[in-house]
Amino acid sequence: SEAMEGTLLPGDRILAQTFPLQPPEQGKMVLFLSPQDRSVVLVKRVIAVPGDHIRISRKVVILNGTVLDEKYALHKADREDFYPDDYPNESSLPGCAEGHETLSQHVVNGEIVVPAGGYFVLGDNRENSLDSRCWGFVGSGDVIGKPLMIYDSVDQTAEQASSPSPDWLGHRRWARLFVAF
């Protein structure tokens, strides 16, 4: 999808490490089972690990009282006003009521405190990503790997990537091959 645009593009195919698996680190990408459809594997960036305090103010992520330097973050609004500029807040977004309820139980002094065994993840393309702001924390048992590199990249939309075409050779993004993370 477009959720990691800037780092990953629709049509990128990645090589990932799934075993042995170390606990995810803040700032690194992870692969995990989707909380909404457990047959789908998602890739997002870990923003906060257990015990961290997080909030978003005017689209700036503040982790444990320090502004994160997120060179990878992209702010490209295709979804008009889906995510508010400040987070956490009182708004329950469409389709996100369960996650909003879960997160609201972990708000202390206007910040989300990540519980043991949980991770707060965001897509790099912040306004075009369903992530922890919508469905809550990713459980440590749902983390299945970490991306290592792009081994193939085809210039296509997210919809085209989900239904491969036999006409693939001429549309390679050769410069993206073997980009490591």
# chains A, B, ... in the order shown; residues from 1 in each chain; ligands from 1
>>> select_by_dssp(residues="stretch 29-97 of chain A", states="strand (DSSP E or B)", output="CSV table (one decimal) with N, CA, C and O atoms, in the first residue's frame")
chain,number,residue,atom,x,y,z
A,29,MET,N,11.7,-0.7,11.1
A,29,MET,CA,10.4,-1.2,10.5
A,29,MET,C,10.3,-2.7,11.0
A,29,MET,O,11.2,-3.4,11.3
A,30,VAL,N,9.0,-3.1,11.1
A,30,VAL,CA,8.7,-4.5,11.4
A,30,VAL,C,7.6,-5.0,10.5
A,30,VAL,O,6.8,-4.3,10.0
A,31,LEU,N,7.5,-6.3,10.4
A,31,LEU,CA,6.4,-7.0,9.8
A,31,LEU,C,5.6,-7.6,10.9
A,31,LEU,O,6.1,-8.2,11.8
A,32,PHE,N,4.3,-7.6,10.7
A,32,PHE,CA,3.4,-8.1,11.7
A,32,PHE,C,2.0,-8.5,11.1
A,32,PHE,O,1.7,-8.0,10.0
A,33,LEU,N,1.3,-9.3,11.8
A,33,LEU,CA,0.0,-9.7,11.4
A,33,LEU,C,-1.0,-8.5,11.6
A,33,LEU,O,-1.0,-7.9,12.7
A,41,VAL,N,-0.1,-9.6,6.1
A,41,VAL,CA,1.1,-9.1,6.8
A,41,VAL,C,1.4,-7.6,6.4
A,41,VAL,O,1.3,-7.3,5.3
A,42,LEU,N,1.6,-6.8,7.5
A,42,LEU,CA,1.8,-5.4,7.3
A,42,LEU,C,3.2,-5.0,7.6
A,42,LEU,O,3.9,-5.7,8.4
A,43,VAL,N,3.7,-3.9,7.0
A,43,VAL,CA,5.0,-3.3,7.4
A,43,VAL,C,4.7,-1.9,7.9
A,43,VAL,O,4.1,-1.1,7.2
A,44,LYS,N,5.2,-1.6,9.0
A,44,LYS,CA,5.1,-0.2,9.6
A,44,LYS,C,6.4,0.0,10.4
A,44,LYS,O,7.2,-0.8,10.6
A,45,ARG,N,6.5,1.3,10.9
A,45,ARG,CA,7.7,1.6,11.7
A,45,ARG,C,7.4,1.7,13.1
A,45,ARG,O,6.3,2.2,13.5
A,46,VAL,N,8.2,1.1,14.0
A,46,VAL,CA,8.0,1.1,15.4
A,46,VAL,C,8.4,2.5,15.9
A,46,VAL,O,9.5,3.0,15.7
A,47,ILE,N,7.4,3.2,16.5
A,47,ILE,CA,7.6,4.5,17.0
A,47,ILE,C,7.9,4.5,18.5
A,47,ILE,O,8.7,5.2,19.1
A,48,ALA,N,7.2,3.6,19.2
A,48,ALA,CA,7.3,3.5,20.7
A,48,ALA,C,7.3,2.0,21.1
A,48,ALA,O,6.5,1.2,20.6
A,53,HIS,N,6.4,6.9,26.4
A,53,HIS,CA,5.3,7.8,26.4
A,53,HIS,C,5.3,8.5,25.1
A,53,HIS,O,6.4,9.0,24.7
A,54,ILE,N,4.2,8.6,24.4
A,54,ILE,CA,4.1,9.2,23.1
A,54,ILE,C,2.9,10.1,23.0
A,54,ILE,O,1.8,9.8,23.5
A,55,ARG,N,3.1,11.2,22.2
A,55,ARG,CA,2.0,12.0,21.8
A,55,ARG,C,2.4,12.7,20.5
A,55,ARG,O,3.6,12.7,20.1
A,56,ILE,N,1.4,13.2,19.7
A,56,ILE,CA,1.7,13.8,18.5
A,56,ILE,C,1.1,15.2,18.6
A,56,ILE,O,-0.1,15.4,19.0
A,57,SER,N,1.9,16.2,18.3
A,57,SER,CA,1.4,17.6,18.4
A,57,SER,C,1.8,18.3,17.1
A,57,SER,O,2.9,18.4,16.7
A,60,VAL,N,3.9,16.4,14.8
A,60,VAL,CA,5.3,16.2,15.2
A,60,VAL,C,5.2,15.1,16.3
A,60,VAL,O,4.4,15.3,17.3
A,61,VAL,N,5.9,14.0,16.2
A,61,VAL,CA,5.9,13.0,17.2
A,61,VAL,C,6.8,13.3,18.4
A,61,VAL,O,8.0,13.6,18.2
A,62,ILE,N,6.3,13.2,19.6
A,62,ILE,CA,7.1,13.5,20.8
A,62,ILE,C,7.1,12.2,21.6
A,62,ILE,O,6.1,11.7,22.0
A,63,LEU,N,8.3,11.7,21.8
A,63,LEU,CA,8.6,10.4,22.4
A,63,LEU,C,9.4,10.7,23.7
A,63,LEU,O,10.5,11.2,23.7
A,66,THR,N,10.8,14.1,24.0
A,66,THR,CA,11.7,14.6,23.0
A,66,THR,C,11.1,14.5,21.6
A,66,THR,O,10.5,13.4,21.3
A,67,VAL,N,11.3,15.5,20.9
A,67,VAL,CA,10.8,15.5,19.5
A,67,VAL,C,11.6,14.5,18.7
A,67,VAL,O,12.8,14.6,18.7
A,74,LEU,N,6.6,11.2,5.9
A,74,LEU,CA,6.1,11.9,4.7
A,74,LEU,C,4.7,12.4,5.1
A,74,LEU,O,3.9,11.6,5.6
A,87,TYR,N,-2.5,14.1,18.8
A,87,TYR,CA,-2.9,12.8,19.2
A,87,TYR,C,-2.2,12.4,20.5
A,87,TYR,O,-1.1,12.8,20.7
>>> residues_around(residues="stretch 124-135 of chain A", least_positions_apart="3", cutoff="8 Å", atoms="only C-alpha atoms", output="PyMOL selection string")
chain A and resi 2-7+35-36+44-45+72-79+82-83+93+95-100+120-121+138
>>> write_last_selection(atoms="N, CA and C atoms", output="short mmCIF file (atom, residue, chain, number, x, y, z; two decimals), in the first residue's frame")
data_model
loop_
_atom_site.label_atom_id
_atom_site.label_comp_id
_atom_site.auth_asym_id
_atom_site.auth_seq_id
_atom_site.Cartn_x
_atom_site.Cartn_y
_atom_site.Cartn_z
N GLU A 2 0.27 2.38 0.11
CA GLU A 2 0.99 3.65 0.14
C GLU A 2 1.40 4.05 1.55
N ALA A 3 1.09 3.24 2.54
CA ALA A 3 1.33 3.61 3.94
C ALA A 3 2.79 3.86 4.29
N MET A 4 3.71 3.22 3.59
CA MET A 4 5.14 3.40 3.87
C MET A 4 5.84 4.19 2.77
N GLU A 5 5.04 4.85 1.92
CA GLU A 5 5.60 5.63 0.81
C GLU A 5 6.66 6.60 1.31
N GLY A 6 7.71 6.69 0.56
CA GLY A 6 8.89 7.44 0.97
C GLY A 6 10.00 6.45 1.28
N THR A 7 9.66 5.38 1.98
CA THR A 7 10.61 4.31 2.29
C THR A 7 10.35 3.11 1.38
N PRO A 35 -4.02 -6.41 12.63
CA PRO A 35 -5.06 -6.57 13.65
C PRO A 35 -6.46 -6.70 13.06
N GLN A 36 -6.65 -6.22 11.82
CA GLN A 36 -7.96 -6.25 11.20
C GLN A 36 -8.19 -7.50 10.35
N LYS A 44 5.23 -1.58 9.04
CA LYS A 44 5.14 -0.22 9.60
C LYS A 44 6.42 0.04 10.38
N ARG A 45 6.55 1.25 10.88
CA ARG A 45 7.72 1.64 11.66
C ARG A 45 7.36 1.67 13.14
N TYR A 72 12.30 10.06 7.67
CA TYR A 72 11.54 9.12 6.85
C TYR A 72 10.06 9.48 6.75
N ALA A 73 9.55 10.32 7.64
CA ALA A 73 8.11 10.63 7.66
C ALA A 73 7.72 11.52 6.48
N LEU A 74 6.60 11.18 5.89
CA LEU A 74 6.06 11.91 4.74
C LEU A 74 4.66 12.38 5.13
N HIS A 75 4.38 13.66 4.89
CA HIS A 75 3.05 14.21 5.17
C HIS A 75 2.44 14.61 3.84
N LYS A 76 1.62 13.71 3.32
CA LYS A 76 0.98 13.88 2.02
C LYS A 76 -0.49 13.53 2.20
N ALA A 77 -1.31 14.54 2.33
CA ALA A 77 -2.71 14.32 2.68
C ALA A 77 -3.56 13.97 1.47
N ASP A 78 -3.84 12.67 1.29
CA ASP A 78 -4.82 12.24 0.30
C ASP A 78 -6.18 12.07 0.98
N ARG A 79 -6.13 11.70 2.26
CA ARG A 79 -7.36 11.56 3.05
C ARG A 79 -7.56 12.87 3.79
N PHE A 82 -8.41 12.97 7.93
CA PHE A 82 -8.73 11.70 8.60
C PHE A 82 -8.09 11.68 9.98
N TYR A 83 -6.80 11.98 10.06
CA TYR A 83 -6.12 12.03 11.35
C TYR A 83 -5.98 13.47 11.80
N LEU A 93 -12.12 7.87 15.20
CA LEU A 93 -12.15 7.93 13.74
C LEU A 93 -13.04 6.83 13.17
N GLY A 95 -14.32 3.61 11.77
CA GLY A 95 -13.75 2.28 11.70
C GLY A 95 -12.66 2.02 12.72
N CYS A 96 -12.43 2.96 13.62
CA CYS A 96 -11.33 2.85 14.58
C CYS A 96 -11.79 2.86 16.04
N ALA A 97 -13.08 2.64 16.28
CA ALA A 97 -13.63 2.76 17.64
C ALA A 97 -12.96 1.81 18.63
N GLU A 98 -12.73 0.56 18.23
CA GLU A 98 -12.13 -0.42 19.14
C GLU A 98 -10.71 -0.02 19.52
N GLY A 99 -9.92 0.41 18.54
CA GLY A 99 -8.56 0.85 18.81
C GLY A 99 -8.52 2.11 19.66
N HIS A 100 -9.46 3.02 19.39
CA HIS A 100 -9.54 4.26 20.18
C HIS A 100 -9.82 3.93 21.64
N PHE A 120 3.77 0.68 19.47
CA PHE A 120 3.01 1.70 18.78
C PHE A 120 3.70 1.92 17.44
N VAL A 121 2.99 1.61 16.34
CA VAL A 121 3.58 1.69 15.00
C VAL A 121 2.84 2.71 14.15
N VAL A 138 0.36 -3.02 18.55
CA VAL A 138 0.70 -4.30 17.94
C VAL A 138 1.29 -5.15 19.05
#
>>> residues_around(residues="A:Val113", least_positions_apart="3", cutoff="7 Å", atoms="only C-alpha atoms", output="mmCIF file with all heavy atoms, in the first residue's frame")
data_model
loop_
_atom_site.group_PDB
_atom_site.id
_atom_site.type_symbol
_atom_site.label_atom_id
_atom_site.label_comp_id
_atom_site.auth_asym_id
_atom_site.auth_seq_id
_atom_site.Cartn_x
_atom_site.Cartn_y
_atom_site.Cartn_z
ATOM 1 N N GLY A 51 6.702 0.869 27.728
ATOM 2 C CA GLY A 51 7.163 1.847 28.713
ATOM 3 C C GLY A 51 7.321 3.251 28.166
ATOM 4 O O GLY A 51 7.419 4.215 28.932
ATOM 5 N N ASP A 52 7.356 3.407 26.847
ATOM 6 C CA ASP A 52 7.506 4.730 26.240
ATOM 7 C C ASP A 52 6.226 5.548 26.386
ATOM 8 O O ASP A 52 5.121 5.005 26.410
ATOM 9 C CB ASP A 52 7.848 4.618 24.750
ATOM 10 C CG ASP A 52 9.290 4.274 24.483
ATOM 11 O OD1 ASP A 52 10.129 4.400 25.405
ATOM 12 O OD2 ASP A 52 9.595 3.881 23.334
ATOM 13 N N HIS A 53 6.401 6.864 26.426
ATOM 14 C CA HIS A 53 5.295 7.825 26.443
ATOM 15 C C HIS A 53 5.318 8.541 25.098
ATOM 16 O O HIS A 53 6.373 9.037 24.686
ATOM 17 C CB HIS A 53 5.480 8.852 27.556
ATOM 18 C CG HIS A 53 5.375 8.263 28.917
ATOM 19 N ND1 HIS A 53 4.478 8.728 29.851
ATOM 20 C CD2 HIS A 53 6.021 7.237 29.521
ATOM 21 C CE1 HIS A 53 4.592 8.024 30.957
ATOM 22 N NE2 HIS A 53 5.533 7.119 30.785
ATOM 23 N N ILE A 54 4.166 8.614 24.441
ATOM 24 C CA ILE A 54 4.114 9.196 23.100
ATOM 25 C C ILE A 54 2.911 10.107 22.955
ATOM 26 O O ILE A 54 1.838 9.840 23.511
ATOM 27 C CB ILE A 54 4.103 8.098 22.020
ATOM 28 C CG1 ILE A 54 4.139 8.717 20.628
ATOM 29 C CG2 ILE A 54 2.942 7.160 22.190
ATOM 30 C CD1 ILE A 54 4.342 7.729 19.521
ATOM 31 N N HIS A 106 -4.838 3.794 28.020
ATOM 32 C CA HIS A 106 -3.402 3.918 28.281
ATOM 33 C C HIS A 106 -2.917 5.360 28.193
ATOM 34 O O HIS A 106 -1.729 5.609 27.988
ATOM 35 C CB HIS A 106 -2.622 3.036 27.301
ATOM 36 C CG HIS A 106 -2.887 1.579 27.486
ATOM 37 N ND1 HIS A 106 -2.228 0.821 28.429
ATOM 38 C CD2 HIS A 106 -3.773 0.756 26.888
ATOM 39 C CE1 HIS A 106 -2.692 -0.410 28.388
ATOM 40 N NE2 HIS A 106 -3.631 -0.479 27.466
ATOM 41 N N VAL A 107 -3.836 6.320 28.327
ATOM 42 C CA VAL A 107 -3.462 7.733 28.291
ATOM 43 C C VAL A 107 -3.219 8.223 29.710
ATOM 44 O O VAL A 107 -4.062 8.067 30.588
ATOM 45 C CB VAL A 107 -4.555 8.584 27.603
ATOM 46 C CG1 VAL A 107 -4.223 10.073 27.691
ATOM 47 C CG2 VAL A 107 -4.712 8.172 26.149
ATOM 48 N N VAL A 108 -2.033 8.805 29.916
ATOM 49 C CA VAL A 108 -1.655 9.387 31.208
ATOM 50 C C VAL A 108 -1.096 10.779 30.928
ATOM 51 O O VAL A 108 -0.139 10.923 30.160
ATOM 52 C CB VAL A 108 -0.592 8.517 31.922
ATOM 53 C CG1 VAL A 108 -0.145 9.171 33.216
ATOM 54 C CG2 VAL A 108 -1.123 7.114 32.167
#
>>> atom_distance(atom1="atom CA of A:Gly123", atom2="atom CA of A:Ser92")
18.9 Å
>>> residues_around(residues="A:Gln156", least_positions_apart="6", cutoff="9 Å", atoms="only C-alpha atoms", output="list of chain:residue names")
A:Leu9, A:Pro10, A:Gly11, A:His171
